[in-house]
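S.K.: Have a peek at final29.txt (compact mmCIF, C-alpha atoms).
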```txt
# COMPACT_ATOMS: atom_id res chain seq x y z
CA MET C 1 181.17 87.47 165.36
CA SER C 2 181.62 83.72 165.06
CA GLU C 3 179.85 83.57 161.66
CA ARG C 4 178.55 80.13 162.58
CA PHE C 5 175.15 78.79 163.47
CA MET C 6 173.89 75.81 165.40
CA ILE C 7 171.27 73.27 164.33
CA TYR C 8 169.82 72.01 167.58
CA GLY C 9 167.78 68.84 167.19
CA ALA C 10 169.87 67.58 164.29
CA THR C 11 168.93 63.95 164.99
CA GLY C 12 165.21 64.38 164.30
CA TYR C 13 163.58 63.89 160.91
CA THR C 14 163.54 67.56 159.95
CA GLY C 15 166.85 68.30 161.66
CA LYS C 16 168.56 65.61 159.59
CA LEU C 17 167.03 66.99 156.41
CA ILE C 18 168.20 70.52 157.27
CA ALA C 19 171.72 69.24 158.02
CA ARG C 20 171.82 67.39 154.70
CA THR C 21 170.63 70.48 152.84
CA ALA C 22 173.19 72.63 154.66
CA LYS C 23 175.95 70.31 153.47
CA ALA C 24 174.67 70.53 149.89
CA GLN C 25 174.78 74.33 150.16
CA GLY C 26 178.36 74.34 151.42
CA LEU C 27 177.43 75.52 154.92
CA ASN C 28 179.21 74.44 158.10
CA PRO C 29 176.81 74.41 161.05
CA LEU C 30 177.53 73.11 164.53
CA LEU C 31 175.19 70.18 165.16
CA ALA C 32 173.73 69.78 168.64
CA GLY C 33 171.18 67.73 170.50
CA ARG C 34 170.81 65.32 173.39
CA ASN C 35 171.84 61.98 171.88
CA GLU C 36 175.61 61.89 171.39
CA ALA C 37 175.69 58.61 169.48
CA ARG C 38 173.16 59.80 166.90
CA LEU C 39 174.82 63.20 166.62
CA LYS C 40 178.19 61.60 166.01
CA SER C 41 176.77 59.48 163.20
CA ILE C 42 175.06 62.40 161.44
CA ALA C 43 178.04 64.71 161.88
CA ALA C 44 180.35 62.07 160.41
CA GLN C 45 178.16 61.78 157.30
CA HIS C 46 178.59 65.49 156.55
CA GLY C 47 181.93 66.35 158.13
CA PHE C 48 180.35 68.68 160.69
CA GLU C 49 181.35 69.32 164.28
CA TYR C 50 178.88 68.35 166.97
CA GLN C 51 178.19 68.77 170.67
CA ALA C 52 175.84 66.75 172.85
CA ILE C 53 173.94 69.30 174.97
CA SER C 54 170.79 68.87 177.02
CA LEU C 55 168.35 71.72 177.35
CA ASP C 56 168.24 71.19 181.11
CA GLU C 57 171.97 71.97 181.39
CA PRO C 58 172.04 75.80 181.20
CA GLU C 59 175.80 76.17 181.58
CA ALA C 60 176.55 73.67 178.81
CA LEU C 61 173.88 75.23 176.60
CA ASP C 62 175.31 78.71 177.14
CA ALA C 63 178.80 77.44 176.33
CA GLY C 64 177.55 75.89 173.09
CA LEU C 65 175.64 79.00 172.04
CA SER C 66 178.65 81.20 172.77
CA GLN C 67 180.32 79.61 169.74
CA VAL C 68 177.63 80.71 167.29
CA ASP C 69 175.65 83.80 166.25
CA ALA C 70 172.30 82.04 165.72
CA VAL C 71 170.57 78.80 166.57
CA LEU C 72 168.13 77.02 164.28
CA HIS C 73 166.09 75.09 166.82
CA ALA C 74 164.53 71.94 165.35
CA ALA C 75 163.90 69.84 168.47
CA GLY C 76 160.22 69.55 169.27
CA PRO C 77 157.78 69.47 170.84
CA PHE C 78 158.52 73.17 171.11
CA SER C 79 156.00 73.56 173.92
CA GLN C 80 158.68 71.87 176.04
CA THR C 81 161.91 72.87 174.33
CA SER C 82 161.45 76.46 173.20
CA LYS C 83 161.60 78.26 176.55
CA PRO C 84 164.94 76.90 177.76
CA MET C 85 166.48 77.63 174.37
CA VAL C 86 165.06 81.16 174.24
CA ASP C 87 166.28 81.73 177.81
CA ALA C 88 169.78 80.70 176.78
CA CYS C 89 169.70 82.81 173.61
CA ILE C 90 168.78 85.93 175.58
CA ARG C 91 171.52 85.21 178.13
CA THR C 92 174.15 84.73 175.42
CA GLY C 93 172.99 87.26 172.81
CA THR C 94 172.23 84.55 170.24
CA HIS C 95 169.54 84.97 167.59
CA TYR C 96 166.76 82.38 167.94
CA LEU C 97 165.03 80.68 165.01
CA ASP C 98 162.83 77.59 165.14
CA ILE C 99 160.49 75.55 162.96
CA THR C 100 157.49 75.40 165.28
CA GLY C 101 153.85 75.68 164.27
CA GLU C 102 152.57 75.86 167.86
CA ILE C 103 150.37 78.84 168.72
CA ASP C 104 151.46 78.97 172.35
CA VAL C 105 155.14 79.05 171.40
CA PHE C 106 154.59 81.98 169.03
CA GLU C 107 152.69 83.87 171.71
CA ALA C 108 155.30 83.09 174.37
CA CYS C 109 158.05 84.44 172.12
CA ALA C 110 155.98 87.54 171.30
CA ALA C 111 155.57 88.21 175.02
CA ARG C 112 159.37 88.43 175.31
CA ASP C 113 159.71 91.09 172.62
CA GLU C 114 161.08 93.84 174.89
CA GLU C 115 163.37 91.44 176.70
CA ALA C 116 164.82 90.29 173.39
CA LYS C 117 165.25 93.86 172.14
CA LYS C 118 167.25 94.78 175.25
CA ALA C 119 169.49 91.76 174.62
CA GLY C 120 169.87 92.62 170.92
CA VAL C 121 168.42 89.23 170.01
CA MET C 122 165.90 88.37 167.30
CA LEU C 123 163.25 85.79 168.16
CA MET C 124 161.73 84.35 164.99
CA PRO C 125 159.84 81.11 165.58
CA GLY C 126 158.27 79.44 162.56
CA VAL C 127 160.95 79.71 159.85
CA GLY C 128 159.87 76.55 158.02
CA PHE C 129 156.67 75.54 156.27
CA ASP C 130 155.19 76.58 159.58
CA VAL C 131 154.78 79.51 158.92
CA VAL C 132 156.84 81.12 156.17
CA PRO C 133 154.53 80.56 153.17
CA SER C 134 151.29 81.20 155.05
CA ASP C 135 152.74 84.25 156.81
CA CYS C 136 153.88 85.69 153.49
CA LEU C 137 150.43 84.91 152.05
CA ALA C 138 148.78 86.70 154.98
CA ALA C 139 150.94 89.78 154.37
CA HIS C 140 150.18 89.58 150.66
CA MET C 141 146.44 89.60 151.38
CA LYS C 142 146.86 92.58 153.71
CA ALA C 143 148.73 94.44 150.96
CA ARG C 144 145.93 93.70 148.52
CA LEU C 145 143.20 94.82 150.93
CA PRO C 146 144.73 97.13 153.57
CA ASP C 147 141.45 97.62 155.49
CA ALA C 148 140.69 93.90 155.77
CA THR C 149 138.88 92.81 158.91
CA GLU C 150 138.73 89.06 158.21
CA LEU C 151 141.49 86.74 157.00
CA THR C 152 141.09 83.13 155.92
CA LEU C 153 144.11 80.93 155.23
CA ALA C 154 143.84 77.33 154.03
CA ILE C 155 146.38 74.63 153.26
CA SER C 156 146.21 71.57 151.01
CA GLY C 157 148.71 68.83 150.19
CA LEU C 158 150.50 68.34 153.50
CA GLY C 159 151.07 64.62 152.94
CA HIS C 160 152.80 62.44 155.55
CA MET C 161 153.83 64.00 158.85
CA SER C 162 157.06 63.50 160.73
CA HIS C 163 156.91 62.03 164.22
CA GLY C 164 157.47 65.47 165.74
CA THR C 165 154.68 67.13 163.79
CA ALA C 166 152.26 64.32 164.59
CA LYS C 167 153.12 64.47 168.31
CA THR C 168 152.49 68.20 168.33
CA GLY C 169 149.04 67.52 166.91
CA VAL C 170 148.38 64.99 169.66
CA GLU C 171 149.39 67.52 172.31
CA SER C 172 146.89 70.05 170.96
CA ILE C 173 143.86 67.74 171.18
CA GLY C 174 142.70 69.17 174.48
CA THR C 175 142.69 72.81 173.34
CA GLY C 176 140.03 72.39 170.65
CA THR C 177 140.05 74.47 167.46
CA ARG C 178 141.56 77.89 168.09
CA ILE C 179 140.76 80.90 165.95
CA ARG C 180 141.25 84.66 166.38
CA ARG C 181 138.29 86.94 166.91
CA ASP C 182 138.46 90.68 167.63
CA GLY C 183 142.22 90.31 168.01
CA ARG C 184 141.98 87.58 170.66
CA ILE C 185 142.76 83.88 170.37
CA VAL C 186 139.71 81.86 171.38
CA ALA C 187 138.50 78.27 171.14
CA ALA C 188 135.69 77.85 168.61
CA ARG C 189 132.50 76.47 170.12
CA LYS C 190 132.00 74.47 166.94
CA THR C 191 134.77 73.66 164.46
CA PRO C 192 134.34 75.93 161.40
CA ARG C 193 134.01 74.23 158.01
CA ARG C 194 133.76 75.56 154.48
CA GLU C 195 134.51 74.70 150.87
CA ILE C 196 137.74 76.05 149.38
CA ASP C 197 139.06 75.88 145.83
CA PHE C 198 142.76 74.99 145.93
CA GLY C 199 142.86 75.01 142.13
CA GLN C 200 140.94 71.85 141.24
CA GLY C 201 137.43 72.79 142.27
CA PRO C 202 135.84 73.22 145.71
CA LYS C 203 137.08 70.90 148.46
CA ASN C 204 135.81 70.44 151.99
CA ALA C 205 138.05 72.13 154.55
CA VAL C 206 138.19 71.97 158.35
CA ALA C 207 139.47 74.73 160.65
CA ILE C 208 142.51 73.93 162.78
CA GLY C 209 144.57 75.79 165.36
CA TRP C 210 147.54 76.44 163.04
CA GLY C 211 150.36 78.79 163.96
CA ASP C 212 149.03 81.63 161.78
CA VAL C 213 146.24 82.19 164.28
CA ALA C 214 149.10 83.74 166.25
CA THR C 215 151.55 85.00 163.64
CA ALA C 216 149.17 86.45 161.04
CA TRP C 217 147.86 88.86 163.67
CA HIS C 218 151.36 90.12 164.44
CA SER C 219 152.08 90.45 160.70
CA THR C 220 148.81 92.08 159.59
CA HIS C 221 146.75 93.15 162.64
CA ILE C 222 143.67 91.74 160.93
CA PRO C 223 141.40 91.00 163.92
CA ASP C 224 139.54 87.88 162.71
CA ILE C 225 141.69 84.97 161.50
CA THR C 226 140.73 81.38 160.71
CA VAL C 227 143.04 78.69 159.31
CA TYR C 228 141.77 75.60 157.48
CA PHE C 229 143.23 72.35 156.20
CA GLU C 230 141.77 70.38 153.33
CA SER C 231 139.58 67.78 154.96
CA SER C 232 140.77 64.22 155.62
CA PRO C 233 139.30 61.34 157.64
CA GLN C 234 141.79 62.03 160.45
CA LEU C 235 140.92 65.72 160.60
CA GLU C 236 137.22 64.97 160.55
CA GLN C 237 137.67 62.57 163.43
CA MET C 238 139.48 65.24 165.43
CA ALA C 239 136.90 67.90 164.56
CA ASN C 240 134.03 65.65 165.62
CA MET C 241 135.46 64.92 169.06
CA GLY C 242 133.33 66.25 171.87
CA ARG C 243 134.67 68.07 174.91
CA ILE C 244 134.74 64.95 177.06
CA ALA C 245 136.56 62.95 174.38
CA ARG C 246 139.11 65.74 173.97
CA TRP C 247 139.63 65.90 177.72
CA PHE C 248 140.15 62.14 177.91
CA ALA C 249 142.58 62.15 174.97
CA SER C 250 144.60 64.94 176.62
CA LEU C 251 145.28 62.89 179.77
CA GLY C 252 148.81 61.61 180.33
CA PRO C 253 148.16 57.88 179.74
CA MET C 254 146.28 58.55 176.48
CA GLN C 255 148.92 61.02 175.31
CA ARG C 256 151.65 58.45 175.91
CA ALA C 257 149.68 55.75 174.10
CA LEU C 258 149.01 57.98 171.08
CA LYS C 259 152.64 59.07 170.86
CA LYS C 260 153.81 55.47 171.12
CA ARG C 261 151.58 54.63 168.17
CA ILE C 262 153.16 57.50 166.21
CA GLU C 263 156.64 56.11 166.90
CA GLN C 264 155.60 52.89 165.16
CA GLN C 265 154.86 54.76 161.93
CA PRO C 266 157.43 55.78 159.26
CA GLU C 267 159.66 58.64 160.44
CA GLY C 268 158.35 60.96 157.72
CA PRO C 269 157.97 61.28 153.94
CA THR C 270 160.51 59.46 151.78
CA ASP C 271 162.84 61.33 149.43
CA ALA C 272 160.60 60.36 146.52
CA GLU C 273 157.47 61.57 148.30
CA ARG C 274 159.14 64.89 149.06
CA ARG C 275 160.27 65.32 145.45
CA GLU C 276 156.82 64.58 144.06
CA GLY C 277 154.81 66.43 146.69
CA TYR C 278 153.63 70.01 146.76
CA SER C 279 151.24 72.19 148.72
CA VAL C 280 148.69 74.82 147.75
CA LEU C 281 147.77 77.60 150.13
CA PHE C 282 144.64 79.72 149.77
CA GLY C 283 144.17 83.21 151.15
CA GLU C 284 141.06 85.35 151.42
CA ALA C 285 140.68 88.81 152.92
CA VAL C 286 137.39 90.64 153.47
CA ASN C 287 136.76 94.19 154.70
CA ALA C 288 133.83 95.67 156.59
CA ASP C 289 132.10 96.61 153.32
CA GLY C 290 132.20 93.04 152.07
CA GLN C 291 134.95 93.66 149.51
CA LEU C 292 136.86 90.42 148.98
CA VAL C 293 140.22 89.42 147.52
CA GLN C 294 141.56 85.88 147.07
CA SER C 295 144.96 84.44 146.17
CA ARG C 296 146.62 81.06 145.92
CA LEU C 297 150.24 80.14 146.59
CA ARG C 298 151.85 76.92 145.35
CA THR C 299 154.95 75.61 147.13
CA PRO C 300 157.18 72.54 147.17
CA GLU C 301 156.46 69.78 149.70
CA GLY C 302 156.48 71.07 153.28
CA TYR C 303 159.61 69.46 154.73
CA THR C 304 161.60 70.28 151.60
CA LEU C 305 160.47 73.89 151.86
CA THR C 306 161.32 73.96 155.57
CA ALA C 307 164.95 73.10 154.84
CA MET C 308 165.07 75.78 152.12
CA THR C 309 163.45 78.63 154.03
CA SER C 310 165.08 77.98 157.40
CA LEU C 311 168.60 77.95 155.96
CA GLU C 312 167.94 81.03 153.82
CA ILE C 313 166.73 82.91 156.89
CA VAL C 314 169.75 81.77 158.89
CA GLY C 315 171.97 83.06 156.11
CA ARG C 316 170.25 86.44 156.10
CA VAL C 317 170.49 86.69 159.87
CA MET C 318 174.20 85.90 159.70
CA ALA C 319 174.54 88.60 157.03
CA GLY C 320 173.13 91.21 159.40
CA GLU C 321 169.44 91.30 158.47
CA ALA C 322 168.21 90.34 161.93
CA LYS C 323 165.93 92.78 163.75
CA PRO C 324 166.02 92.54 167.56
CA GLY C 325 162.81 91.47 169.25
CA TYR C 326 160.02 89.13 168.24
CA GLN C 327 159.56 88.98 164.47
CA THR C 328 157.53 87.09 161.91
CA PRO C 329 159.08 86.09 158.57
CA SER C 330 157.07 88.54 156.49
CA SER C 331 157.67 91.42 158.91
CA VAL C 332 161.43 91.22 158.28
CA PHE C 333 161.69 89.89 154.73
CA GLY C 334 158.41 91.04 153.17
CA PRO C 335 155.48 89.12 151.62
CA ASP C 336 157.38 88.36 148.40
CA PHE C 337 160.14 86.53 150.28
CA ILE C 338 158.45 83.20 149.59
CA THR C 339 158.48 83.72 145.82
CA GLU C 340 162.29 83.74 145.86
CA PHE C 341 162.24 79.96 146.27
CA GLU C 342 162.00 77.63 143.30
CA GLY C 343 158.50 76.21 142.91
CA CYS C 344 156.75 79.01 144.83
CA ASN C 345 154.40 81.35 142.97
CA TRP C 346 151.33 83.53 143.54
CA GLN C 347 148.04 83.43 141.69
CA ASP C 348 145.74 86.36 142.47
CA LEU C 349 142.20 85.19 141.77
CA ASN C 350 140.47 88.54 141.54
CA GLY C 351 141.20 92.26 141.72
```
Could I get this structure in the form of structure tokens?
M.R.:
Amino acid sequence: MSERFMIYGATGYTGKLIARTAKAQGLNPLLAGRNEARLKSIAAQHGFEYQAISLDEPEALDAGLSQVDAVLHAAGPFSQTSKPMVDACIRTGTHYLDITGEIDVFEACAARDEEAKKAGVMLMPGVGFDVVPSDCLAAHMKARLPDATELTLAISGLGHMSHGTAKTGVESIGTGTRIRRDGRIVAARKTPRREIDFGQGPKNAVAIGWGDVATAWHSTHIPDITVYFESSPQLEQMANMGRIARWFASLGPMQRALKKRIEQQPEGPTDAERREGYSVLFGEAVNADGQLVQSRLRTPEGYTLTAMTSLEIVGRVMAGEAKPGYQTPSSVFGPDFITEFEGCNWQDLNG
């Protein structure tokens, strides 16, 4: 056992924050990514070792992973980067963690469950704000209403997005709003909307294709799942796009133009914005008889929480708590895992 882990994608906004938090916690990860000059600069700030490795260089990637027991993959968009990293982890017997929120990545990892078990490797995508708090909330709702047939999750207070998160949103334009019905992921014919009380009275909310459409099913087996965000002008614009507009926006030239515009924006929230920010998650479970339970979960700002949860999970994996195969956070660590972090607490609204 090497008793080390790798942060791949350490030059991105979230990767840099995770590396900084790791230093504050006295950890000693191996930093990796494609850009050697940027890696060298970040590694020098923290006194970490680094290796420049491209995901399209399997031999170099295998050599890098052979030095560690787990990789915390933070280089998005994960639709492009997850598969080569998972391939390498299975070849080298390295546990795979990432911070994705992409439905297709979760489902692709789930499809490799048996392959990962044979290799003795845990695949746990979504160890950050996507989807640790919402996955724990989903499991909490299932525990409160074991025969639930419908699950609603909603999120408020996301604030500014990093470039990577925003680009992932751009890539999903063409898929429409995905929900789960009768256990299957489908595109909604019309974007669901409803009012949700995040603690300060009812607010308009818009359904989105968040990662829990995938993960909450694997954690709870509740067949109908819808995820909402508190409404914003940007979300309303996306929700109101017709099929032709979505198709046009998904074309290569438009995708490149939209991503270029994202690059011109601030890299992500400032330190002050992260300190002052917080999120509120809402959960609702309903059974076939109409019985209903609701809960709220308050957390620190999303990127701050991502650094906290991802490093805690890495630590637990290194300590031997990994379970081979595809896993969700709550399936390994339980629904109350999220409440172990400062600033996270439940509020059961009924029952």
S.K.: The centre and edge lengths of an axis-aligned box containing all atoms of region 303-307 of chain C present in the file, extended by 5 Å on each side, are to be given in Å to one decimal, as lines of an AutoDock Vina configuration file.
M.R.:
```
center_x = 162.3
center_y = 71.7
center_z = 153.6
size_x = 15.3
size_y = 14.5
size_z = 14.0
```
S.K.: Using all atoms listed in the file, find the one residue out of C:Glu321, C:Asp69, C:Asp98, C:Asp197 that sits nearest to Val280 (chain C).
M.R.: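 Checking each candidate against Val280 (chain C), we get C:Asp197 as the closest.
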S.K.: Quick one: residues within 10 Å of Pro324 (chain C), all atoms listed in the file counted, chain neighbours fewer than 4 positions away excluded, as a list in words?
M.R.: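 In the requested form, the answer reads His95, Asp113, Glu114, Glu115, Ala116, Lys117, Lys118, Ala119, Gly120, Val121, Met122, Leu123 and Met124 of chain C.
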S.K.: Give me, please, the distance in Å between CA of Gly268 (chain C) and CA of Pro202 (chain C), quoted to one decimal.
M.R.: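 Interatomic distance here is 28.3 Å.
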S.K.: So that I can see what lies close to Trp346 (chain C), please list as a PyMOL selection string the residues with an atom at most 12 Å from it, counting all atoms listed in the file and leaving out residues fewer than 2 positions away in the same chain.
M.R.: chain C and resi 133-134+136-137+140-141+280-283+294-299+335-341+343-344+348-349
S.K.: Could you check which of C:Ile7, C:Leu61, C:Val132, C:Leu27 is closest to Thr306 (chain C), using all atoms listed in the file?
M.R.: C:Val132
S.K.: Any idea what the distance is between CA of Pro300 (chain C) and CA of Gly277 (chain C)?
M.R.: 6.6 Å
S.K.: Restricting the calculation to all atoms listed in the file, which member of C:Ala214, C:Val186, C:Ala44, C:Ala154 is positioned closest to Ser231 (chain C)?
M.R.: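 Of C:Ala214, C:Val186, C:Ala44, C:Ala154, the one nearest Ser231 (chain C) is C:Ala154, counting all atoms listed in the file.
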